[in-house]
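So this one's coords.cif, mmCIF, C-alpha atoms:
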data_start
loop_
_atom_site.label_atom_id
_atom_site.label_comp_id
_atom_site.auth_asym_id
_atom_site.auth_seq_id
_atom_site.Cartn_x
_atom_site.Cartn_y
_atom_site.Cartn_z
CA MET A 261 8.59 -31.25 40.25
CA THR A 262 6.35 -33.81 41.83
CA SER A 263 3.31 -35.04 39.99
CA LEU A 264 -0.24 -34.13 41.01
CA PRO A 265 -2.85 -36.79 41.57
CA LEU A 266 -5.75 -36.80 39.18
CA ALA A 267 -8.19 -36.14 42.04
CA HIS A 268 -6.39 -32.88 42.74
CA VAL A 269 -7.04 -31.71 39.20
CA SER A 270 -10.65 -32.85 39.37
CA CYS A 271 -11.08 -30.72 42.47
CA ARG A 272 -9.89 -27.73 40.58
CA LEU A 273 -12.36 -28.45 37.79
CA ARG A 274 -15.33 -28.85 40.12
CA ASN A 275 -14.56 -25.78 42.21
CA PRO A 276 -14.12 -22.60 40.17
CA SER A 277 -13.03 -20.70 43.27
CA PHE A 278 -10.10 -23.03 43.66
CA PRO A 279 -6.90 -21.16 42.73
CA THR A 280 -6.19 -21.52 39.02
CA THR A 281 -2.96 -23.21 38.06
CA ARG A 282 -1.34 -21.73 34.95
CA ILE A 283 1.29 -24.24 33.85
CA PHE A 284 2.66 -27.35 35.48
CA LYS A 285 5.97 -28.13 33.92
CA ASN A 286 7.71 -31.46 33.94
CA HIS A 287 11.41 -30.88 33.29
CA ALA A 288 11.51 -34.05 31.27
CA PHE A 289 8.85 -32.65 29.01
CA ASN A 290 9.52 -30.67 25.86
CA SER A 291 7.22 -28.97 23.35
CA GLY A 292 7.60 -31.75 20.84
CA SER A 293 5.81 -34.16 23.16
CA MET A 294 2.75 -31.99 23.63
CA ILE A 295 -0.32 -33.45 21.99
CA ARG A 296 -3.18 -31.50 23.48
CA SER A 297 -3.44 -28.50 25.76
CA PHE A 298 -6.08 -27.93 28.33
CA SER A 299 -8.38 -24.92 27.94
CA HIS A 300 -12.00 -24.03 28.48
CA LYS A 301 -12.71 -25.66 25.12
CA ASN A 302 -10.81 -28.83 26.03
CA PRO A 303 -12.15 -29.89 29.44
CA ALA A 304 -10.09 -33.08 29.71
CA PRO A 305 -6.64 -32.59 31.25
CA LEU A 306 -3.82 -34.55 29.65
CA TYR A 307 -2.11 -37.06 31.84
CA SER A 308 0.10 -40.06 31.35
CA LYS A 309 0.98 -42.73 33.88
CA ASN A 310 -0.77 -40.81 36.66
CA LYS A 311 1.46 -37.76 36.03
CA ILE A 312 0.16 -34.52 34.69
CA ARG A 313 2.10 -33.27 31.67
CA ILE A 314 0.09 -30.13 30.94
CA ALA A 315 -2.52 -28.72 33.25
CA CYS A 316 -4.29 -25.61 32.18
CA MET A 317 -3.89 -21.98 31.51
CA SER A 318 -6.32 -19.72 33.29
CA ALA A 319 -9.43 -18.99 31.31
CA ALA A 320 -8.59 -15.30 31.32
CA THR A 321 -5.34 -15.86 29.47
CA SER A 322 -6.32 -18.78 27.27
CA PRO A 323 -5.72 -18.09 23.58
CA ALA A 324 -9.01 -19.74 22.75
CA ARG A 325 -10.88 -17.51 25.20
CA GLN A 326 -9.16 -14.42 23.80
CA ASP A 327 -10.36 -15.34 20.33
CA ASP A 328 -13.88 -15.70 21.65
CA GLN A 329 -13.71 -12.28 23.23
CA LYS A 330 -12.82 -10.57 19.95
CA PRO A 331 -15.91 -8.92 18.48
CA SER A 332 -17.15 -10.29 15.22
CA GLY A 333 -17.44 -8.08 12.17
CA GLN A 334 -21.18 -7.76 12.78
CA HIS A 335 -20.77 -6.62 16.38
CA GLN A 336 -17.76 -4.37 16.03
CA LYS A 337 -18.38 -0.82 17.14
CA ALA A 338 -16.91 2.10 15.25
CA VAL A 339 -14.40 3.77 17.53
CA GLU A 340 -13.17 7.24 16.76
CA VAL A 341 -9.45 7.64 17.28
CA SER A 342 -8.61 10.77 19.22
CA SER A 343 -6.57 13.47 17.52
CA TRP A 344 -5.54 17.06 18.04
CA ILE A 345 -9.03 18.10 16.93
CA ASP A 346 -10.30 16.95 20.33
CA TYR A 347 -8.46 19.89 21.90
CA LEU A 348 -10.43 22.42 19.85
CA PRO A 349 -13.59 24.07 21.25
CA GLN A 350 -16.39 21.54 21.19
CA GLN A 351 -18.56 23.58 18.82
CA ILE A 352 -15.78 23.66 16.20
CA GLN A 353 -14.79 19.99 16.34
CA PRO A 354 -17.54 18.60 14.03
CA TYR A 355 -16.69 21.13 11.32
CA ALA A 356 -12.97 20.43 11.58
CA LYS A 357 -13.72 16.73 11.16
CA LEU A 358 -16.06 17.48 8.28
CA ALA A 359 -13.22 19.30 6.49
CA ARG A 360 -10.81 16.42 7.34
CA VAL A 361 -8.24 18.88 8.70
CA GLU A 362 -6.65 16.06 10.71
CA LYS A 363 -5.92 14.17 7.46
CA PRO A 364 -3.83 16.55 5.34
CA ILE A 365 -3.00 13.97 2.65
CA GLY A 366 -6.07 15.05 0.65
CA THR A 367 -4.89 18.65 0.64
CA TRP A 368 -1.42 17.64 -0.52
CA LEU A 369 -2.87 15.57 -3.35
CA LEU A 370 -4.64 18.74 -4.50
CA ILE A 371 -1.52 20.90 -4.16
CA TRP A 372 1.03 18.69 -5.92
CA PRO A 373 -0.31 18.93 -9.52
CA PHE A 374 -0.59 22.72 -9.22
CA ALA A 375 2.94 22.95 -7.83
CA TRP A 376 4.33 20.74 -10.62
CA SER A 377 2.72 22.90 -13.28
CA ALA A 378 3.78 26.19 -11.71
CA ALA A 379 7.35 24.91 -11.32
CA LEU A 380 7.47 23.78 -14.95
CA ALA A 381 6.27 27.24 -15.99
CA ALA A 382 9.27 28.89 -14.28
CA ALA A 383 12.01 30.24 -16.51
CA SER A 384 15.09 28.10 -16.97
CA GLY A 385 17.56 28.65 -14.14
CA SER A 386 14.97 30.06 -11.74
CA LEU A 387 12.47 28.85 -9.15
CA PRO A 388 8.69 29.23 -9.47
CA ASP A 389 6.92 32.29 -8.11
CA LEU A 390 6.66 31.67 -4.37
CA LYS A 391 3.72 34.04 -3.90
CA THR A 392 1.66 32.03 -6.38
CA LEU A 393 2.53 28.77 -4.64
CA ALA A 394 1.76 30.26 -1.21
CA LEU A 395 -1.64 31.60 -2.30
CA PHE A 396 -2.72 28.29 -3.75
CA GLY A 397 -1.32 26.53 -0.68
CA CYS A 398 -3.61 28.66 1.49
CA ALA A 399 -6.65 28.06 -0.72
CA ALA A 400 -6.13 24.31 -1.10
CA PRO A 401 -7.19 23.27 2.45
CA LEU A 402 -10.42 25.22 2.01
CA MET A 403 -11.04 23.75 -1.44
CA ARG A 404 -10.39 20.26 -0.18
CA GLY A 405 -12.56 20.90 2.88
CA ALA A 406 -15.40 22.08 0.65
CA ALA A 407 -15.02 18.92 -1.47
CA CYS A 408 -15.19 16.68 1.63
CA THR A 409 -18.19 18.58 2.96
CA ILE A 410 -20.29 18.29 -0.18
CA ASN A 411 -19.24 14.65 -0.55
CA ASP A 412 -20.46 13.88 2.97
CA PHE A 413 -23.68 15.79 2.31
CA PHE A 414 -24.56 13.58 -0.66
CA ASP A 415 -23.23 10.37 0.92
CA ARG A 416 -24.79 10.84 4.35
CA ASP A 417 -27.19 7.89 3.98
CA PHE A 418 -24.47 5.59 2.61
CA ASP A 419 -21.97 6.68 5.26
CA LYS A 420 -24.31 5.49 8.01
CA MET A 421 -24.02 1.94 6.66
CA VAL A 422 -20.23 1.87 6.21
CA HIS A 423 -18.10 1.03 9.24
CA ARG A 424 -15.26 3.44 8.36
CA THR A 425 -17.54 6.44 7.71
CA LYS A 426 -20.46 6.02 10.10
CA LEU A 427 -19.00 8.55 12.58
CA ARG A 428 -18.58 11.32 10.03
CA PRO A 429 -20.30 14.49 11.33
CA ILE A 430 -23.28 14.62 8.95
CA ALA A 431 -23.86 10.85 9.02
CA SER A 432 -23.72 10.77 12.82
CA GLY A 433 -25.95 13.83 13.25
CA ALA A 434 -23.28 16.07 14.80
CA VAL A 435 -23.81 18.46 11.87
CA THR A 436 -27.18 18.83 10.11
CA PRO A 437 -27.33 18.70 6.29
CA PHE A 438 -28.25 22.40 6.17
CA GLN A 439 -25.31 23.30 8.40
CA GLY A 440 -23.09 21.22 6.11
CA LEU A 441 -24.26 23.17 3.06
CA CYS A 442 -23.62 26.47 4.85
CA PHE A 443 -20.12 25.29 5.78
CA PHE A 444 -19.52 24.25 2.15
CA ALA A 445 -20.52 27.74 0.97
CA PHE A 446 -18.29 29.39 3.60
CA GLN A 447 -15.21 27.41 2.56
CA SER A 448 -15.88 27.99 -1.13
CA LEU A 449 -16.23 31.75 -0.69
CA LEU A 450 -13.10 31.97 1.43
CA SER A 451 -11.02 30.00 -1.08
CA HIS A 452 -12.45 32.16 -3.86
CA ALA A 453 -11.26 35.30 -2.07
CA ILE A 454 -7.74 33.85 -1.83
CA LEU A 455 -7.58 32.72 -5.46
CA LEU A 456 -8.61 36.20 -6.57
CA GLN A 457 -5.23 37.42 -5.29
CA LEU A 458 -3.38 35.44 -7.98
CA ALA A 459 -1.80 37.44 -10.77
CA ASN A 460 -3.68 35.31 -13.31
CA TYR A 461 -6.96 34.18 -11.81
CA SER A 462 -9.07 31.69 -13.77
CA PRO A 463 -12.83 31.66 -13.12
CA ILE A 464 -13.07 28.66 -15.47
CA TYR A 465 -10.83 26.58 -13.22
CA GLU A 466 -12.72 27.51 -10.07
CA ALA A 467 -16.16 27.01 -11.61
CA SER A 468 -15.16 23.63 -13.06
CA PHE A 469 -13.73 22.56 -9.70
CA ILE A 470 -16.99 23.42 -7.91
CA PHE A 471 -19.00 21.58 -10.55
CA LEU A 472 -16.81 18.48 -10.40
CA ILE A 473 -16.72 18.19 -6.60
CA CYS A 474 -20.50 18.51 -6.48
CA THR A 475 -21.05 15.80 -9.10
CA TYR A 476 -18.32 13.37 -8.05
CA PRO A 477 -20.42 11.79 -5.25
CA LEU A 478 -23.10 11.02 -7.83
CA MET A 479 -20.61 9.25 -10.10
CA LYS A 480 -20.07 6.60 -7.43
CA ARG A 481 -23.69 5.60 -7.96
CA LEU A 482 -23.50 5.54 -11.76
CA THR A 483 -20.14 4.13 -12.85
CA TYR A 484 -17.33 1.91 -11.65
CA TRP A 485 -14.92 4.52 -13.06
CA ALA A 486 -15.63 7.03 -10.31
CA GLN A 487 -11.87 7.21 -9.60
CA ALA A 488 -11.28 8.47 -13.16
CA TYR A 489 -13.82 11.22 -12.54
CA LEU A 490 -12.05 12.04 -9.30
CA GLY A 491 -8.83 12.40 -11.30
CA LEU A 492 -10.48 15.10 -13.42
CA THR A 493 -11.68 16.76 -10.22
CA VAL A 494 -8.51 17.02 -8.17
CA ASN A 495 -5.92 17.48 -10.92
CA GLY A 496 -7.15 20.63 -12.61
CA GLY A 497 -4.26 22.36 -10.89
CA ALA A 498 -1.96 20.74 -13.47
CA LEU A 499 -3.55 23.15 -15.97
CA PHE A 500 -4.17 26.06 -13.64
CA GLY A 501 -0.64 26.17 -12.21
CA TRP A 502 0.89 26.99 -15.60
CA TYR A 503 -1.85 29.53 -16.31
CA ALA A 504 -1.38 31.21 -12.93
CA ILE A 505 2.27 31.87 -13.85
CA LYS A 506 2.09 32.52 -17.59
CA GLY A 507 -1.44 33.77 -18.16
CA SER A 508 -1.82 31.21 -20.96
CA LEU A 509 -1.53 27.47 -21.55
CA GLU A 510 1.10 25.38 -23.36
CA PRO A 511 -0.84 22.25 -24.40
CA TYR A 512 2.27 20.21 -25.21
CA VAL A 513 3.38 20.59 -21.60
CA VAL A 514 0.24 20.81 -19.49
CA LEU A 515 -1.94 18.20 -21.21
CA PRO A 516 0.53 15.30 -20.71
CA LEU A 517 1.03 16.57 -17.16
CA PHE A 518 -2.71 16.63 -16.52
CA MET A 519 -3.20 13.12 -17.92
CA SER A 520 -0.29 11.84 -15.82
CA ALA A 521 -1.88 13.24 -12.69
CA CYS A 522 -5.19 11.57 -13.60
CA PHE A 523 -3.44 8.20 -14.02
CA TRP A 524 -1.76 8.80 -10.66
CA THR A 525 -5.18 9.31 -9.07
CA LEU A 526 -6.34 6.02 -10.57
CA VAL A 527 -3.42 4.33 -8.82
CA TYR A 528 -3.82 5.75 -5.35
CA ASP A 529 -7.60 5.97 -5.17
CA THR A 530 -8.14 2.45 -6.49
CA ILE A 531 -5.93 1.18 -3.67
CA TYR A 532 -7.76 3.47 -1.24
CA ALA A 533 -11.16 2.18 -2.41
CA HIS A 534 -10.22 -1.38 -1.43
CA GLN A 535 -10.74 -0.31 2.21
CA ASP A 536 -14.50 -0.18 1.75
CA LYS A 537 -15.11 -2.76 -0.97
CA ARG A 538 -17.21 -5.10 1.21
CA ASP A 539 -19.41 -2.28 2.47
CA ASP A 540 -19.61 -0.74 -1.02
CA ILE A 541 -21.06 -3.97 -2.39
CA LYS A 542 -23.75 -3.96 0.32
CA VAL A 543 -24.78 -0.32 -0.13
CA GLY A 544 -24.45 -0.22 -3.92
CA VAL A 545 -21.50 2.17 -4.31
CA LYS A 546 -19.28 1.56 -7.35
CA SER A 547 -15.49 1.90 -7.64
CA THR A 548 -12.53 0.72 -9.70
CA ALA A 549 -11.59 -1.49 -6.74
CA LEU A 550 -14.75 -3.50 -7.36
CA LYS A 551 -14.36 -3.40 -11.13
CA PHE A 552 -10.75 -4.63 -11.16
CA GLY A 553 -11.07 -7.06 -8.24
CA ASP A 554 -8.19 -9.54 -8.23
CA SER A 555 -6.65 -7.79 -11.26
CA THR A 556 -6.16 -4.53 -9.36
CA LYS A 557 -2.38 -4.75 -9.26
CA GLU A 558 -2.14 -5.34 -13.01
CA TRP A 559 -4.40 -2.36 -13.74
CA THR A 560 -2.67 -0.01 -11.32
CA THR A 561 0.73 -1.04 -12.72
CA GLY A 562 -0.50 -0.02 -16.16
CA PHE A 563 -1.72 3.31 -14.79
CA ALA A 564 1.62 3.91 -13.07
CA ILE A 565 3.51 3.26 -16.31
CA ALA A 566 1.21 5.67 -18.17
CA CYS A 567 1.77 8.26 -15.41
CA ILE A 568 5.56 8.06 -15.69
CA ALA A 569 5.42 8.17 -19.50
CA GLY A 570 3.22 11.28 -19.47
CA LEU A 571 5.49 13.01 -16.98
CA ALA A 572 8.51 12.25 -19.16
CA ILE A 573 6.77 13.72 -22.23
CA SER A 574 5.73 16.82 -20.30
CA GLY A 575 9.27 17.38 -18.99
CA TYR A 576 10.80 16.87 -22.43
CA ASN A 577 8.44 19.41 -24.00
CA ALA A 578 9.23 21.84 -21.19
CA ALA A 579 12.99 21.43 -21.90
CA ILE A 580 13.82 20.52 -18.33
CA GLY A 581 17.21 19.32 -17.04
CA TRP A 582 18.36 15.78 -16.27
CA PRO A 583 17.59 15.74 -12.50
CA TYR A 584 13.92 15.61 -13.43
CA TYR A 585 14.34 12.24 -15.11
CA ALA A 586 16.27 10.91 -12.12
CA SER A 587 13.27 11.85 -9.98
CA LEU A 588 11.00 9.95 -12.36
CA ALA A 589 13.14 6.84 -11.83
CA ALA A 590 12.72 7.24 -8.06
CA THR A 591 8.98 7.76 -8.56
CA ALA A 592 8.78 4.56 -10.60
CA ALA A 593 10.51 2.71 -7.77
CA GLN A 594 7.98 4.13 -5.30
CA PHE A 595 5.12 2.95 -7.51
CA ALA A 596 6.68 -0.52 -7.73
CA TRP A 597 6.95 -0.72 -3.94
CA GLN A 598 3.49 0.74 -3.36
CA ILE A 599 1.67 -1.56 -5.76
CA GLY A 600 3.83 -4.62 -5.22
CA THR A 601 3.54 -4.66 -1.44
CA ALA A 602 -0.06 -3.46 -1.10
CA ASN A 603 -2.22 -5.88 0.87
CA LEU A 604 -5.58 -5.23 -0.75
CA SER A 605 -7.35 -7.29 1.92
CA SER A 606 -6.05 -5.04 4.71
CA PRO A 607 -7.80 -1.66 5.05
CA ALA A 608 -4.94 -0.41 7.24
CA ASP A 609 -2.31 -1.27 4.64
CA CYS A 610 -4.40 0.22 1.84
CA ASN A 611 -4.54 3.46 3.80
CA ARG A 612 -0.79 3.40 4.41
CA LYS A 613 -0.11 2.95 0.70
CA PHE A 614 -2.54 5.76 -0.10
CA VAL A 615 -0.79 8.16 2.28
CA SER A 616 2.61 7.18 0.84
CA ASN A 617 1.66 9.02 -2.35
CA ASN A 618 2.81 12.19 -0.66
CA TRP A 619 6.29 10.93 -1.54
CA VAL A 620 5.30 10.66 -5.20
CA GLY A 621 4.25 14.30 -5.26
CA ALA A 622 7.38 15.44 -3.43
CA LEU A 623 9.73 13.41 -5.64
CA ILE A 624 8.29 14.85 -8.84
CA LEU A 625 8.32 18.44 -7.55
CA SER A 626 11.91 18.14 -6.33
CA GLY A 627 12.89 16.79 -9.75
CA ILE A 628 11.22 19.73 -11.51
CA LEU A 629 12.88 22.28 -9.22
CA LEU A 630 16.33 20.72 -9.66
CA GLY A 631 15.77 20.30 -13.38
CA ARG A 632 14.88 23.97 -13.76
CA VAL A 633 18.07 25.20 -12.11
CA SER A 634 20.32 22.61 -13.78
CA PRO A 635 21.71 22.63 -17.33
CA LEU A 636 19.53 20.86 -19.87
CA TYR A 637 22.33 18.45 -20.83
#
So, in terms of structure tokens, how does the structure I just supplied come out?
Amino acid sequence: MTSLPLAHVSCRLRNPSFPTTRIFKNHAFNSGSMIRSFSHKNPAPLYSKNKIRIACMSAATSPARQDDQKPSGQHQKAVEVSSWIDYLPQQIQPYAKLARVEKPIGTWLLIWPFAWSAALAAASGSLPDLKTLALFGCAAPLMRGAACTINDFFDRDFDKMVHRTKLRPIASGAVTPFQGLCFFAFQSLLSHAILLQLANYSPIYEASFIFLICTYPLMKRLTYWAQAYLGLTVNGGALFGWYAIKGSLEPYVVLPLFMSACFWTLVYDTIYAHQDKRDDIKVGVKSTALKFGDSTKEWTTGFAIACIAGLAISGYNAAIGWPYYASLAATAAQFAWQIGTANLSSPADCNRKFVSNNWVGALILSGILLGRVSPLY
């Protein structure tokens, strides 16, 4: 390739309408000899012995220009990702988003402890009562939706100041606070009607659940251990599942199971809370993510160990077969991967690790089911 005179390049610099040259390549040139590149931030073209080595990339494709075009954290706009909810009638969409129906992980995290307990309550050599599991499975989305609704009602002023939550229906004004309360009452009554169909209904469980979900948002203002309070809130099914099958409780089985589920919540929700830690500091919301800080992985590892230990004690007291303990080994491996690889500075990765806890619930339930139909030794 022939060289270009310096005047030719100067013409290009003086006349923006002059066609932009992307790359002039000298075949004798290799990347090791490049010292400087020409861009809109480096207005002097590099030349040697009247021959151009590197001209310029167009401003539209310059890496430096692309960096400049990225919005800063202060100017980023919250963008709502489209989902199947957008195909629902427009009047229903805000309520579906308020109940988080497009994010079923929260419902599964409510179902798993109940399913574990109900499966442990099954007689040796048999599966748990499917009607009981199905009824709770139908009530759980409504219970979870009610919990999300009342949480957003209390947090509406905070949510407006947090990038991830500013488009939630109550915070954005798509649903008024009064409409949110009416929707909360509707979901609670509907789930109540379903739970009444259980052979052994517990008004204590339902009343305590309503109380806990209504007070949990306030805990985030009072204590850094809000995630521990959340554990009490979402894991009552570890007690209720056994009761729904047996009509009574076996403390040696259900209490270790309940505590294990609470430690599990401390693992996944501490990781989840790292998504909002910068905004939480600004608005004054507390969490274990802020309390543990750089020691989060050490703390969550301890919680994971306590979770596995409690599950082992619960299974031993329930006289369950060996496949259950194999599932606990797989669960421990999942915890090790989840905690060990979590990038606590990446909200996206924190969310991925949070969602991966569905595997924890499934692994434990499969171990209980196989352990129930397998010989003890």
Between segment 422-466 of chain A and segment 341-357 of chain A, at 9 Å or less, what are the per-residue closest atom pairs and their distances in Å? Count only C-alpha atoms, order by chain and rising residue number, and return it as JSON lines.
{"residue": "A:Arg428", "atom": "CA", "partner": "A:Lys357", "partner_atom": "CA", "distance": 7.4}
{"residue": "A:Pro429", "atom": "CA", "partner": "A:Pro354", "partner_atom": "CA", "distance": 5.6}
{"residue": "A:Ile430", "atom": "CA", "partner": "A:Pro354", "partner_atom": "CA", "distance": 8.6}
{"residue": "A:Ala434", "atom": "CA", "partner": "A:Pro354", "partner_atom": "CA", "distance": 6.3}
{"residue": "A:Val435", "atom": "CA", "partner": "A:Pro354", "partner_atom": "CA", "distance": 6.6}
{"residue": "A:Gly440", "atom": "CA", "partner": "A:Tyr355", "partner_atom": "CA", "distance": 8.3}
{"residue": "A:Phe443", "atom": "CA", "partner": "A:Tyr355", "partner_atom": "CA", "distance": 7.7}
Taking the file as I've supplied it (selection: the PyMOL selection byres ((chain A and resi 581) around 10)), which residues are included? Please answer as a PyMOL selection string.
chain A and resi 384-385+575-576+578-580+582-586+627-637
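As for atom CA of Cys522 of chain A and atom CA of Asp609 of chain A, they are spaced 22.5 Å apart.
Among the candidates A:Gln457, A:Ser616, A:Ser432, A:Ser508, the residue lying nearest to Lys420 of chain A is A:Ser432 (atoms considered: all atoms listed in the file).
Here atom CA of Val543 of chain A and atom CA of Val422 of chain A stand 8.1 Å from one another.
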Which residues, named as in the file, does the PyMOL selection byres ((chain A and resi 403) around 12) pick out? Answer as a PyMOL selection string.
chain A and resi 359-361+366-371+396-402+404-410+443-455+466-467+469-470+472-474+493-494+497
Å distance separating atom CA of Leu499 of chain A from atom CA of Ser462 of chain A, one decimal place
10.4 Å
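Among the candidates A:Ile599, A:Ala593, A:Phe414, A:Tyr528, the residue lying nearest to Leu623 of chain A is A:Ala593 (atoms considered: all atoms listed in the file).
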Do you know which residues are at most 10 Å from Phe500 of chain A counting only C-alpha atoms, after dropping those on the same chain fewer than 6 positions away, and could you put them as number ranges by chain?
A: 373-375, 377-378, 460-462, 464-466, 506-509, 514, 518
Would you compute the box with edges along x, y and z of the file around segment 476-482 of chain A, including every atom the file lists for it and 4 Å extra on each side, and give its centre and edge lengths in Å to one decimal, as AutoDock Vina command-line options?
--center_x -21.0 --center_y 9.5 --center_z -8.5 --size_x 13.4 --size_y 15.8 --size_z 14.5
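Using all atoms listed in the file, the smallest distance between any of A:Cys610, A:Ala566, A:Asp554, A:Leu390 and Pro516 of chain A comes from A:Ala566.
Remark: for Ala533 of chain A, the closest of the candidate residues A:Lys426, A:Lys613, A:Lys391, A:Arg416 is A:Lys613 (distances computed over all atoms listed in the file).
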Restore all heavy atoms in segment 458-465 of chain A and list the result as a PDB file, keeping the file's coordinate frame.
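Listed below is the output, result_21.pdb:
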ATOM      1  N   LEU A 458      -4.376  35.906  -7.008  1.00  0.00           N
ATOM      2  CA  LEU A 458      -3.380  35.440  -7.980  1.00  0.00           C
ATOM      3  C   LEU A 458      -3.237  36.442  -9.119  1.00  0.00           C
ATOM      4  O   LEU A 458      -4.201  37.113  -9.510  1.00  0.00           O
ATOM      5  CB  LEU A 458      -3.784  34.079  -8.544  1.00  0.00           C
ATOM      6  CG  LEU A 458      -3.747  32.900  -7.571  1.00  0.00           C
ATOM      7  CD1 LEU A 458      -4.424  31.685  -8.186  1.00  0.00           C
ATOM      8  CD2 LEU A 458      -2.303  32.563  -7.201  1.00  0.00           C
ATOM      9  N   ALA A 459      -2.035  36.517  -9.652  1.00  0.00           N
ATOM     10  CA  ALA A 459      -1.800  37.440 -10.770  1.00  0.00           C
ATOM     11  C   ALA A 459      -2.652  37.073 -11.973  1.00  0.00           C
ATOM     12  O   ALA A 459      -3.141  37.948 -12.691  1.00  0.00           O
ATOM     13  CB  ALA A 459      -0.311  37.410 -11.143  1.00  0.00           C
ATOM     14  N   ASN A 460      -2.857  35.778 -12.189  1.00  0.00           N
ATOM     15  CA  ASN A 460      -3.680  35.310 -13.310  1.00  0.00           C
ATOM     16  C   ASN A 460      -4.753  34.369 -12.761  1.00  0.00           C
ATOM     17  O   ASN A 460      -4.544  33.159 -12.665  1.00  0.00           O
ATOM     18  CB  ASN A 460      -2.827  34.592 -14.351  1.00  0.00           C
ATOM     19  CG  ASN A 460      -1.798  35.507 -14.984  1.00  0.00           C
ATOM     20  OD1 ASN A 460      -2.140  36.502 -15.626  1.00  0.00           O
ATOM     21  ND2 ASN A 460      -0.522  35.189 -14.792  1.00  0.00           N
ATOM     22  N   TYR A 461      -5.854  34.962 -12.366  1.00  0.00           N
ATOM     23  CA  TYR A 461      -6.960  34.180 -11.810  1.00  0.00           C
ATOM     24  C   TYR A 461      -7.786  33.577 -12.950  1.00  0.00           C
ATOM     25  O   TYR A 461      -7.984  34.216 -13.986  1.00  0.00           O
ATOM     26  CB  TYR A 461      -7.840  35.054 -10.931  1.00  0.00           C
ATOM     27  CG  TYR A 461      -9.177  34.452 -10.589  1.00  0.00           C
ATOM     28  CD1 TYR A 461      -9.277  33.395  -9.690  1.00  0.00           C
ATOM     29  CD2 TYR A 461     -10.349  34.932 -11.187  1.00  0.00           C
ATOM     30  CE1 TYR A 461     -10.500  32.835  -9.382  1.00  0.00           C
ATOM     31  CE2 TYR A 461     -11.577  34.384 -10.880  1.00  0.00           C
ATOM     32  CZ  TYR A 461     -11.648  33.329  -9.980  1.00  0.00           C
ATOM     33  OH  TYR A 461     -12.861  32.776  -9.685  1.00  0.00           O
ATOM     34  N   SER A 462      -8.255  32.348 -12.747  1.00  0.00           N
ATOM     35  CA  SER A 462      -9.070  31.690 -13.770  1.00  0.00           C
ATOM     36  C   SER A 462     -10.434  31.319 -13.207  1.00  0.00           C
ATOM     37  O   SER A 462     -10.545  30.362 -12.439  1.00  0.00           O
ATOM     38  CB  SER A 462      -8.367  30.420 -14.277  1.00  0.00           C
ATOM     39  OG  SER A 462      -9.226  29.687 -15.124  1.00  0.00           O
ATOM     40  N   PRO A 463     -11.479  32.043 -13.584  1.00  0.00           N
ATOM     41  CA  PRO A 463     -12.830  31.660 -13.120  1.00  0.00           C
ATOM     42  C   PRO A 463     -13.263  30.319 -13.696  1.00  0.00           C
ATOM     43  O   PRO A 463     -14.068  29.607 -13.088  1.00  0.00           O
ATOM     44  CB  PRO A 463     -13.718  32.802 -13.629  1.00  0.00           C
ATOM     45  CG  PRO A 463     -12.959  33.417 -14.756  1.00  0.00           C
ATOM     46  CD  PRO A 463     -11.514  33.253 -14.424  1.00  0.00           C
ATOM     47  N   ILE A 464     -12.710  29.954 -14.867  1.00  0.00           N
ATOM     48  CA  ILE A 464     -13.070  28.660 -15.470  1.00  0.00           C
ATOM     49  C   ILE A 464     -12.586  27.517 -14.589  1.00  0.00           C
ATOM     50  O   ILE A 464     -13.307  26.535 -14.360  1.00  0.00           O
ATOM     51  CB  ILE A 464     -12.480  28.547 -16.888  1.00  0.00           C
ATOM     52  CG1 ILE A 464     -13.111  29.613 -17.799  1.00  0.00           C
ATOM     53  CG2 ILE A 464     -12.709  27.152 -17.451  1.00  0.00           C
ATOM     54  CD1 ILE A 464     -12.519  29.642 -19.191  1.00  0.00           C
ATOM     55  N   TYR A 465     -11.350  27.630 -14.091  1.00  0.00           N
ATOM     56  CA  TYR A 465     -10.830  26.580 -13.220  1.00  0.00           C
ATOM     57  C   TYR A 465     -11.672  26.461 -11.970  1.00  0.00           C
ATOM     58  O   TYR A 465     -12.079  25.350 -11.583  1.00  0.00           O
ATOM     59  CB  TYR A 465      -9.378  26.864 -12.833  1.00  0.00           C
ATOM     60  CG  TYR A 465      -8.904  26.012 -11.672  1.00  0.00           C
ATOM     61  CD1 TYR A 465      -8.634  24.663 -11.849  1.00  0.00           C
ATOM     62  CD2 TYR A 465      -8.768  26.555 -10.390  1.00  0.00           C
ATOM     63  CE1 TYR A 465      -8.234  23.861 -10.792  1.00  0.00           C
ATOM     64  CE2 TYR A 465      -8.362  25.766  -9.323  1.00  0.00           C
ATOM     65  CZ  TYR A 465      -8.098  24.422  -9.535  1.00  0.00           C
ATOM     66  OH  TYR A 465      -7.709  23.636  -8.481  1.00  0.00           O
TER      67      TYR A 465
END
